[in-house]
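Visitor: Sharing start.pdb, PDB, C-alpha atoms:
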```pdb
MODEL        1
ATOM      1  CA  MET A   1     -47.899 141.343 -24.488
ATOM      2  CA  LEU A   2     -45.676 138.297 -24.826
ATOM      3  CA  MET A   3     -44.548 137.014 -28.157
ATOM      4  CA  SER A   4     -42.673 133.935 -29.279
ATOM      5  CA  ARG A   5     -39.705 133.977 -31.637
ATOM      6  CA  ARG A   6     -38.351 130.599 -32.737
ATOM      7  CA  GLY A   7     -38.893 128.963 -29.385
ATOM      8  CA  SER A   8     -37.450 131.868 -27.417
ATOM      9  CA  PHE A   9     -39.199 133.696 -24.639
ATOM     10  CA  ARG A  10     -39.230 137.473 -24.440
ATOM     11  CA  LEU A  11     -41.532 140.170 -23.189
ATOM     12  CA  VAL A  12     -42.471 142.930 -25.599
ATOM     13  CA  ARG A  13     -43.052 146.037 -23.545
ATOM     14  CA  SER A  14     -45.767 148.372 -24.713
ATOM     15  CA  GLY A  15     -44.205 151.514 -23.245
ATOM     16  CA  ARG A  16     -46.744 151.892 -20.459
ATOM     17  CA  PRO A  17     -45.788 151.108 -16.859
ATOM     18  CA  MET A  18     -46.454 147.560 -15.688
ATOM     19  CA  ALA A  19     -47.824 146.655 -12.268
ATOM     20  CA  GLU A  20     -45.372 145.843  -9.470
ATOM     21  CA  GLN A  21     -43.896 142.363  -9.835
ATOM     22  CA  GLY A  22     -43.538 142.044  -6.072
ATOM     23  CA  ILE A  23     -47.216 141.225  -5.617
ATOM     24  CA  VAL A  24     -46.835 137.896  -7.439
ATOM     25  CA  LYS A  25     -45.247 135.251  -5.219
ATOM     26  CA  GLY A  26     -44.023 131.809  -6.251
ATOM     27  CA  GLY A  27     -46.627 130.068  -4.093
ATOM     28  CA  HIS A  28     -49.612 131.945  -5.530
ATOM     29  CA  ARG A  29     -52.050 129.910  -7.602
ATOM     30  CA  PRO A  30     -53.259 132.339 -10.281
ATOM     31  CA  LYS A  31     -56.599 131.917 -12.007
ATOM     32  CA  LEU A  32     -58.626 133.981 -14.404
ATOM     33  CA  ALA A  33     -61.055 136.371 -12.725
ATOM     34  CA  PRO A  34     -64.779 135.601 -12.860
ATOM     35  CA  GLY A  35     -66.165 136.473 -16.288
ATOM     36  CA  VAL A  36     -62.733 136.242 -17.952
ATOM     37  CA  ARG A  37     -61.809 133.426 -20.320
ATOM     38  CA  LEU A  38     -59.098 132.430 -22.757
ATOM     39  CA  GLN A  39     -60.588 131.577 -26.133
ATOM     40  CA  PHE A  40     -59.363 130.729 -29.627
ATOM     41  CA  ASP A  41     -60.904 132.764 -32.460
ATOM     42  CA  ASP A  42     -61.138 130.574 -35.576
ATOM     43  CA  ARG A  43     -61.665 133.515 -37.893
ATOM     44  CA  ARG A  44     -58.552 135.360 -36.710
ATOM     45  CA  GLN A  45     -56.586 132.185 -35.923
ATOM     46  CA  ALA A  46     -55.484 133.710 -32.613
ATOM     47  CA  TRP A  47     -55.982 133.304 -28.858
ATOM     48  CA  PHE A  48     -57.767 136.079 -26.961
ATOM     49  CA  LEU A  49     -58.362 136.912 -23.327
ATOM     50  CA  LEU A  50     -62.021 137.874 -23.169
ATOM     51  CA  ALA A  51     -63.488 139.959 -20.378
ATOM     52  CA  PRO A  52     -66.541 142.188 -20.104
ATOM     53  CA  GLU A  53     -65.936 145.076 -22.531
ATOM     54  CA  ARG A  54     -62.302 143.985 -23.065
ATOM     55  CA  LEU A  55     -60.443 141.926 -25.620
ATOM     56  CA  MET A  56     -56.708 141.210 -25.479
ATOM     57  CA  GLU A  57     -54.755 139.042 -27.911
ATOM     58  CA  ALA A  58     -52.612 136.427 -26.170
ATOM     59  CA  ASP A  59     -49.593 135.837 -28.416
ATOM     60  CA  GLY A  60     -47.119 132.971 -28.012
ATOM     61  CA  PRO A  61     -45.989 132.557 -24.416
ATOM     62  CA  ALA A  62     -48.851 134.708 -23.070
ATOM     63  CA  LYS A  63     -51.271 131.998 -24.192
ATOM     64  CA  ASP A  64     -49.034 129.349 -22.629
ATOM     65  CA  ILE A  65     -48.949 131.265 -19.341
ATOM     66  CA  LEU A  66     -52.676 132.005 -19.244
ATOM     67  CA  SER A  67     -53.677 128.456 -20.119
ATOM     68  CA  ARG A  68     -51.814 127.337 -16.985
ATOM     69  CA  CYS A  69     -53.558 129.869 -14.707
ATOM     70  CA  ASP A  70     -56.131 127.374 -13.498
ATOM     71  CA  GLY A  71     -55.970 127.944  -9.742
ATOM     72  CA  ARG A  72     -54.179 124.618  -9.233
ATOM     73  CA  ARG A  73     -50.643 125.362 -10.426
ATOM     74  CA  THR A  74     -48.389 127.709  -8.501
ATOM     75  CA  VAL A  75     -46.439 130.481 -10.214
ATOM     76  CA  THR A  76     -43.271 128.445  -9.602
ATOM     77  CA  GLU A  77     -44.808 125.392 -11.309
ATOM     78  CA  ILE A  78     -45.892 127.515 -14.288
ATOM     79  CA  VAL A  79     -42.366 128.906 -14.648
ATOM     80  CA  GLU A  80     -40.851 125.409 -14.440
ATOM     81  CA  GLU A  81     -43.194 124.090 -17.132
ATOM     82  CA  LEU A  82     -42.387 127.009 -19.424
ATOM     83  CA  ALA A  83     -38.646 126.615 -18.801
ATOM     84  CA  GLN A  84     -38.932 123.115 -20.257
ATOM     85  CA  ILE A  85     -40.687 124.438 -23.386
ATOM     86  CA  TYR A  86     -38.720 127.594 -24.174
ATOM     87  CA  THR A  87     -34.988 128.014 -24.697
ATOM     88  CA  ALA A  88     -34.445 130.946 -22.373
ATOM     89  CA  ASP A  89     -32.863 131.517 -19.004
ATOM     90  CA  ARG A  90     -35.216 130.456 -16.211
ATOM     91  CA  ALA A  91     -34.704 133.847 -14.502
ATOM     92  CA  VAL A  92     -35.915 135.645 -17.639
ATOM     93  CA  ILE A  93     -38.985 133.430 -17.850
ATOM     94  CA  ASP A  94     -39.695 133.925 -14.138
ATOM     95  CA  ALA A  95     -39.450 137.723 -14.414
ATOM     96  CA  ASP A  96     -41.640 137.857 -17.527
ATOM     97  CA  VAL A  97     -44.290 135.544 -16.066
ATOM     98  CA  ARG A  98     -44.486 137.562 -12.855
ATOM     99  CA  GLU A  99     -44.648 140.830 -14.776
ATOM    100  CA  LEU A 100     -47.485 139.610 -17.013
ATOM    101  CA  LEU A 101     -49.421 138.185 -14.054
ATOM    102  CA  ALA A 102     -48.956 141.365 -12.014
ATOM    103  CA  ASP A 103     -50.166 143.469 -14.938
ATOM    104  CA  LEU A 104     -53.284 141.306 -15.336
ATOM    105  CA  VAL A 105     -53.960 141.383 -11.590
ATOM    106  CA  GLY A 106     -53.743 145.182 -11.770
ATOM    107  CA  LYS A 107     -56.317 145.136 -14.575
ATOM    108  CA  ARG A 108     -58.519 142.774 -12.526
ATOM    109  CA  LEU A 109     -58.346 140.064 -15.176
ATOM    110  CA  LEU A 110     -56.515 137.598 -12.935
ATOM    111  CA  GLN A 111     -56.738 136.553  -9.298
ATOM    112  CA  LEU A 112     -53.904 135.282  -7.117
TER     113      LEU A 112
ENDMDL
END
```
Written as structure tokens, that's how I'd like the structure from this file.
Guide:
Amino acid sequence: MLMSRRGSFRLVRSGRPMAEQGIVKGGHRPKLAPGVRLQFDDRRQAWFLLAPERLMEADGPAKDILSRCDGRRTVTEIVEELAQIYTADRAVIDADVRELLADLVGKRLLQL
């Protein structure tokens, strides 16, 4: 899960192994898998990634990443857009974006 702290960008690791980052290339155009959507829950005041029999909260930068996974933008373009928003090293943002995307591809919630 990604979380935002005062405009910074950092990945909070859950302790379980993440999917290989090498599968996500800069030229890939990620999009949510069929049946998966990003939705705001008014009652909880939070963004969630909804999939059949799954619910994942998308905190801070995770929401910003997922909202850009529209099949039109490349991974490189997503990283560049986020680098303009967050005050973090571009390399850190790139690594975190690729790690999140790879994890979601491994869970079949995202397509490259």
Visitor: Do you know which residues the PyMOL selection byres ((chain A and resi 81) around 12) returns on this file, as an mmCIF file with C-alpha atoms, in the frame of the given file?
Guide:
```cif
data_model
loop_
_atom_site.group_PDB
_atom_site.id
_atom_site.type_symbol
_atom_site.label_atom_id
_atom_site.label_comp_id
_atom_site.auth_asym_id
_atom_site.auth_seq_id
_atom_site.Cartn_x
_atom_site.Cartn_y
_atom_site.Cartn_z
ATOM 1 C CA PRO A 61 -45.989 132.557 -24.416
ATOM 2 C CA ASP A 64 -49.034 129.349 -22.629
ATOM 3 C CA ILE A 65 -48.949 131.265 -19.341
ATOM 4 C CA SER A 67 -53.677 128.456 -20.119
ATOM 5 C CA ARG A 68 -51.814 127.337 -16.985
ATOM 6 C CA ARG A 73 -50.643 125.362 -10.426
ATOM 7 C CA THR A 74 -48.389 127.709 -8.501
ATOM 8 C CA VAL A 75 -46.439 130.481 -10.214
ATOM 9 C CA THR A 76 -43.271 128.445 -9.602
ATOM 10 C CA GLU A 77 -44.808 125.392 -11.309
ATOM 11 C CA ILE A 78 -45.892 127.515 -14.288
ATOM 12 C CA VAL A 79 -42.366 128.906 -14.648
ATOM 13 C CA GLU A 80 -40.851 125.409 -14.440
ATOM 14 C CA LEU A 82 -42.387 127.009 -19.424
ATOM 15 C CA ALA A 83 -38.646 126.615 -18.801
ATOM 16 C CA GLN A 84 -38.932 123.115 -20.257
ATOM 17 C CA ILE A 85 -40.687 124.438 -23.386
ATOM 18 C CA TYR A 86 -38.720 127.594 -24.174
ATOM 19 C CA THR A 87 -34.988 128.014 -24.697
ATOM 20 C CA ARG A 90 -35.216 130.456 -16.211
ATOM 21 C CA ILE A 93 -38.985 133.430 -17.850
ATOM 22 C CA ASP A 94 -39.695 133.925 -14.138
ATOM 23 C CA VAL A 97 -44.290 135.544 -16.066
#
```
Visitor: Work out how far apart CA of Cys69 in chain A and CA of Val105 in chain A are and give it in Å to one decimal.
Guide: 11.9 Å
Visitor: Near range 33-48 of chain A, counting all atoms listed in the file, which residues have an atom at most 10 Å away, once you skip same-chain residues fewer than 4 positions from it, shown as a list in words?
Guide: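 Close residues of range 33-48 of chain A: Pro52, Arg54, Leu55, Met56, Glu57, Ala58, Asp59, Gly60, Ala62, Lys63, Leu66, Ser67, Leu104, Val105, Arg108, Leu109, Leu110, Gln111 and Leu112 of chain A.
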Visitor: Measure the distance from CA of Ile23 in chain A to CA of Leu101 in chain A in Å and round it to one decimal.
Guide: 9.2 Å
Visitor: Mind giving me the straight-line distance from CA of Lys107 in chain A to CA of Lys25 in chain A in Å, one decimal?
Guide: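 So the answer is 17.5 Å.
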Visitor: Can range 23-41 of chain A be brought up to N, CA and C atoms and written out as an mmCIF file, keeping the file's coordinate frame?
Guide:
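Listing of part-v8.cif after writing:
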```cif
data_model
loop_
_atom_site.group_PDB
_atom_site.id
_atom_site.type_symbol
_atom_site.label_atom_id
_atom_site.label_comp_id
_atom_site.auth_asym_id
_atom_site.auth_seq_id
_atom_site.Cartn_x
_atom_site.Cartn_y
_atom_site.Cartn_z
ATOM 1 N N ILE A 23 -45.958 141.758 -6.141
ATOM 2 C CA ILE A 23 -47.216 141.225 -5.617
ATOM 3 C C ILE A 23 -47.415 139.763 -5.988
ATOM 4 N N VAL A 24 -46.688 139.276 -6.985
ATOM 5 C CA VAL A 24 -46.835 137.896 -7.439
ATOM 6 C C VAL A 24 -45.752 137.046 -6.782
ATOM 7 N N LYS A 25 -46.171 136.138 -5.944
ATOM 8 C CA LYS A 25 -45.247 135.251 -5.219
ATOM 9 C C LYS A 25 -45.254 133.865 -5.849
ATOM 10 N N GLY A 26 -44.166 133.137 -5.670
ATOM 11 C CA GLY A 26 -44.023 131.809 -6.251
ATOM 12 C C GLY A 26 -45.090 130.828 -5.811
ATOM 13 N N GLY A 27 -45.620 130.988 -4.608
ATOM 14 C CA GLY A 27 -46.627 130.068 -4.093
ATOM 15 C C GLY A 27 -48.052 130.415 -4.473
ATOM 16 N N HIS A 28 -48.262 131.577 -5.089
ATOM 17 C CA HIS A 28 -49.612 131.945 -5.530
ATOM 18 C C HIS A 28 -50.104 130.983 -6.603
ATOM 19 N N ARG A 29 -51.406 130.777 -6.617
ATOM 20 C CA ARG A 29 -52.050 129.910 -7.602
ATOM 21 C C ARG A 29 -52.992 130.790 -8.441
ATOM 22 N N PRO A 30 -52.447 131.403 -9.501
ATOM 23 C CA PRO A 30 -53.259 132.339 -10.281
ATOM 24 C C PRO A 30 -54.381 131.653 -11.044
ATOM 25 N N LYS A 31 -55.479 132.388 -11.190
ATOM 26 C CA LYS A 31 -56.599 131.917 -12.007
ATOM 27 C C LYS A 31 -57.268 133.133 -12.625
ATOM 28 N N LEU A 32 -57.930 132.901 -13.736
ATOM 29 C CA LEU A 32 -58.626 133.981 -14.404
ATOM 30 C C LEU A 32 -59.759 134.477 -13.508
ATOM 31 N N ALA A 33 -59.996 135.771 -13.536
ATOM 32 C CA ALA A 33 -61.055 136.371 -12.725
ATOM 33 C C ALA A 33 -62.420 135.904 -13.251
ATOM 34 N N PRO A 34 -63.432 135.969 -12.399
ATOM 35 C CA PRO A 34 -64.779 135.601 -12.860
ATOM 36 C C PRO A 34 -65.172 136.445 -14.080
ATOM 37 N N GLY A 35 -65.740 135.783 -15.074
ATOM 38 C CA GLY A 35 -66.165 136.473 -16.288
ATOM 39 C C GLY A 35 -65.071 136.622 -17.336
ATOM 40 N N VAL A 36 -63.863 136.146 -17.025
ATOM 41 C CA VAL A 36 -62.733 136.242 -17.952
ATOM 42 C C VAL A 36 -62.430 134.838 -18.464
ATOM 43 N N ARG A 37 -62.155 134.736 -19.771
ATOM 44 C CA ARG A 37 -61.809 133.426 -20.320
ATOM 45 C C ARG A 37 -60.803 133.584 -21.455
ATOM 46 N N LEU A 38 -60.058 132.518 -21.663
ATOM 47 C CA LEU A 38 -59.098 132.430 -22.757
ATOM 48 C C LEU A 38 -59.776 131.631 -23.864
ATOM 49 N N GLN A 39 -59.842 132.225 -25.064
ATOM 50 C CA GLN A 39 -60.588 131.577 -26.133
ATOM 51 C C GLN A 39 -59.875 131.745 -27.470
ATOM 52 N N PHE A 40 -59.942 130.695 -28.291
ATOM 53 C CA PHE A 40 -59.363 130.729 -29.627
ATOM 54 C C PHE A 40 -60.402 131.239 -30.602
ATOM 55 N N ASP A 41 -60.023 132.210 -31.439
ATOM 56 C CA ASP A 41 -60.904 132.764 -32.460
ATOM 57 C C ASP A 41 -60.524 132.128 -33.794
#
```
